[in-house]
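Accompanying notes for the structure given below.
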Amino acid sequence: MSTKRAIDFLSSMAILVVAAPVLVLVGGLVLTFLGLPILFSQGRPGWHTRLFTLFKFRTMSEASDQAGTPLTDQ
């Protein structure tokens, strides 16, 4: 493993440890207000147009009116 790769790995692990409580809190809020699923995934093009899967917290509701028309997120 190269020195740069080791520094990148160790710094990303440290950031993940610090950010973990915030991620758990946001996940709990999404679960409370929007329900399951907590995460949204989407395929996106990356380096040299190679697809990767992006995971994000779900922020849009699936609420609809009696006719089945989706309600706006406000």
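Letters for chains follow the order of the structure tokens (A, B, ...), residue numbers begin at 1 for each chain, and ligand numbers begin at 1 in the order shown.
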**Request:** Find the spatial neighbours of Leu34 (chain A), counting only C-alpha atoms, within a cut-off of 8 Å - ignore same-chain residues fewer than 5 positions away - and output them as a list in words.
**Result:** Thr59, Met60 and Ser61 of chain A
**Message:** Under the rule that only C-alpha atoms are counted, which of A:Ala20, A:Ser11, A:Ala63, A:Gly68 is the nearest residue to Phe33 (chain A)?
**Reply:**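 Going through A:Ala20, A:Ser11, A:Ala63, A:Gly68 one by one, the smallest distance to Phe33 (chain A) is for A:Ala63.
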**Prompt:** Tell me, which residues of chain A carry DSSP strand (DSSP E or B), written as number ranges by chain?
**Reply:** A: 39-45, 51-57, 64, 70
**Request:** List every residue of chain A that DSSP, applied to the backbone, labels as alpha helix (DSSP H), and write the result as a PyMOL selection string.
**Result:** chain A and resi 3-34
Using the selection just defined, write its residues with N, CA and C atoms as a compact mmCIF listing (two decimals), in the first residue's frame.
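This is the output file part-v5.txt:
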# COMPACT_ATOMS: atom_id res chain seq x y z
N THR A 3 1.98 5.22 0.49
CA THR A 3 1.81 6.15 1.60
C THR A 3 0.57 7.01 1.41
N LYS A 4 0.34 7.51 0.20
CA LYS A 4 -0.84 8.34 -0.06
C LYS A 4 -2.11 7.54 0.17
N ARG A 5 -2.14 6.31 -0.31
CA ARG A 5 -3.32 5.47 -0.11
C ARG A 5 -3.57 5.21 1.37
N ALA A 6 -2.51 4.97 2.13
CA ALA A 6 -2.66 4.74 3.56
C ALA A 6 -3.19 5.99 4.27
N ILE A 7 -2.68 7.15 3.91
CA ILE A 7 -3.17 8.40 4.51
C ILE A 7 -4.63 8.63 4.13
N ASP A 8 -4.99 8.41 2.87
CA ASP A 8 -6.39 8.55 2.43
C ASP A 8 -7.30 7.61 3.21
N PHE A 9 -6.88 6.37 3.36
CA PHE A 9 -7.69 5.38 4.06
C PHE A 9 -7.87 5.76 5.53
N LEU A 10 -6.78 6.10 6.20
CA LEU A 10 -6.86 6.43 7.62
C LEU A 10 -7.67 7.71 7.86
N SER A 11 -7.51 8.71 7.01
CA SER A 11 -8.28 9.94 7.19
C SER A 11 -9.77 9.71 6.91
N SER A 12 -10.09 8.89 5.92
CA SER A 12 -11.51 8.62 5.65
C SER A 12 -12.14 7.81 6.78
N MET A 13 -11.39 6.90 7.39
CA MET A 13 -11.91 6.15 8.54
C MET A 13 -12.14 7.08 9.74
N ALA A 14 -11.22 8.02 9.96
CA ALA A 14 -11.38 8.97 11.07
C ALA A 14 -12.61 9.85 10.85
N ILE A 15 -12.81 10.32 9.64
CA ILE A 15 -13.98 11.14 9.32
C ILE A 15 -15.26 10.34 9.49
N LEU A 16 -15.24 9.08 9.08
CA LEU A 16 -16.42 8.23 9.24
C LEU A 16 -16.78 8.03 10.71
N VAL A 17 -15.78 7.84 11.55
CA VAL A 17 -16.03 7.67 12.99
C VAL A 17 -16.64 8.95 13.58
N VAL A 18 -16.13 10.10 13.18
CA VAL A 18 -16.66 11.37 13.69
C VAL A 18 -18.07 11.64 13.16
N ALA A 19 -18.33 11.28 11.90
CA ALA A 19 -19.62 11.56 11.28
C ALA A 19 -20.70 10.51 11.60
N ALA A 20 -20.32 9.36 12.13
CA ALA A 20 -21.28 8.28 12.37
C ALA A 20 -22.46 8.70 13.23
N PRO A 21 -22.26 9.41 14.35
CA PRO A 21 -23.44 9.81 15.15
C PRO A 21 -24.41 10.70 14.37
N VAL A 22 -23.89 11.58 13.54
CA VAL A 22 -24.75 12.46 12.74
C VAL A 22 -25.52 11.62 11.72
N LEU A 23 -24.86 10.66 11.10
CA LEU A 23 -25.53 9.81 10.12
C LEU A 23 -26.64 8.98 10.77
N VAL A 24 -26.38 8.48 11.97
CA VAL A 24 -27.41 7.71 12.70
C VAL A 24 -28.59 8.62 13.04
N LEU A 25 -28.32 9.83 13.47
CA LEU A 25 -29.38 10.78 13.79
C LEU A 25 -30.23 11.11 12.57
N VAL A 26 -29.60 11.39 11.45
CA VAL A 26 -30.34 11.70 10.22
C VAL A 26 -31.15 10.49 9.78
N GLY A 27 -30.57 9.30 9.87
CA GLY A 27 -31.31 8.09 9.52
C GLY A 27 -32.53 7.90 10.40
N GLY A 28 -32.39 8.19 11.68
CA GLY A 28 -33.53 8.10 12.59
C GLY A 28 -34.62 9.11 12.26
N LEU A 29 -34.22 10.32 11.90
CA LEU A 29 -35.20 11.33 11.51
C LEU A 29 -35.94 10.94 10.23
N VAL A 30 -35.20 10.41 9.25
CA VAL A 30 -35.84 9.96 8.01
C VAL A 30 -36.83 8.84 8.31
N LEU A 31 -36.42 7.91 9.16
CA LEU A 31 -37.31 6.80 9.53
C LEU A 31 -38.55 7.31 10.24
N THR A 32 -38.39 8.28 11.13
CA THR A 32 -39.52 8.82 11.89
C THR A 32 -40.51 9.56 11.00
N PHE A 33 -39.98 10.43 10.13
CA PHE A 33 -40.87 11.30 9.37
C PHE A 33 -41.29 10.73 8.01
N LEU A 34 -40.48 9.88 7.39
CA LEU A 34 -40.80 9.37 6.06
C LEU A 34 -40.98 7.86 6.02
**Request:** Could you give me, as a PyMOL selection string, the residues within 6 Å of Phe57 (chain A), counting only C-alpha atoms and dropping anything in the same chain fewer than 5 positions from it?
**Result:** chain A and resi 38-40
Next, dump the selected residues to file, keeping only C-alpha atoms, as a PDB file, in the first residue's frame.
ATOM      1  CA  ILE A  38     -34.165   5.176   4.705  1.00  0.00           C
ATOM      2  CA  LEU A  39     -31.720   5.219   1.797  1.00  0.00           C
ATOM      3  CA  PHE A  40     -32.238   6.004  -1.878  1.00  0.00           C
TER       4      PHE A  40
END
**Request:** Enter the distance from CA of Thr53 (chain A) to CA of Thr69 (chain A), in Å, rounded to one decimal.
**Result:**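 CA of Thr53 (chain A) sits 28.9 Å away from CA of Thr69 (chain A).
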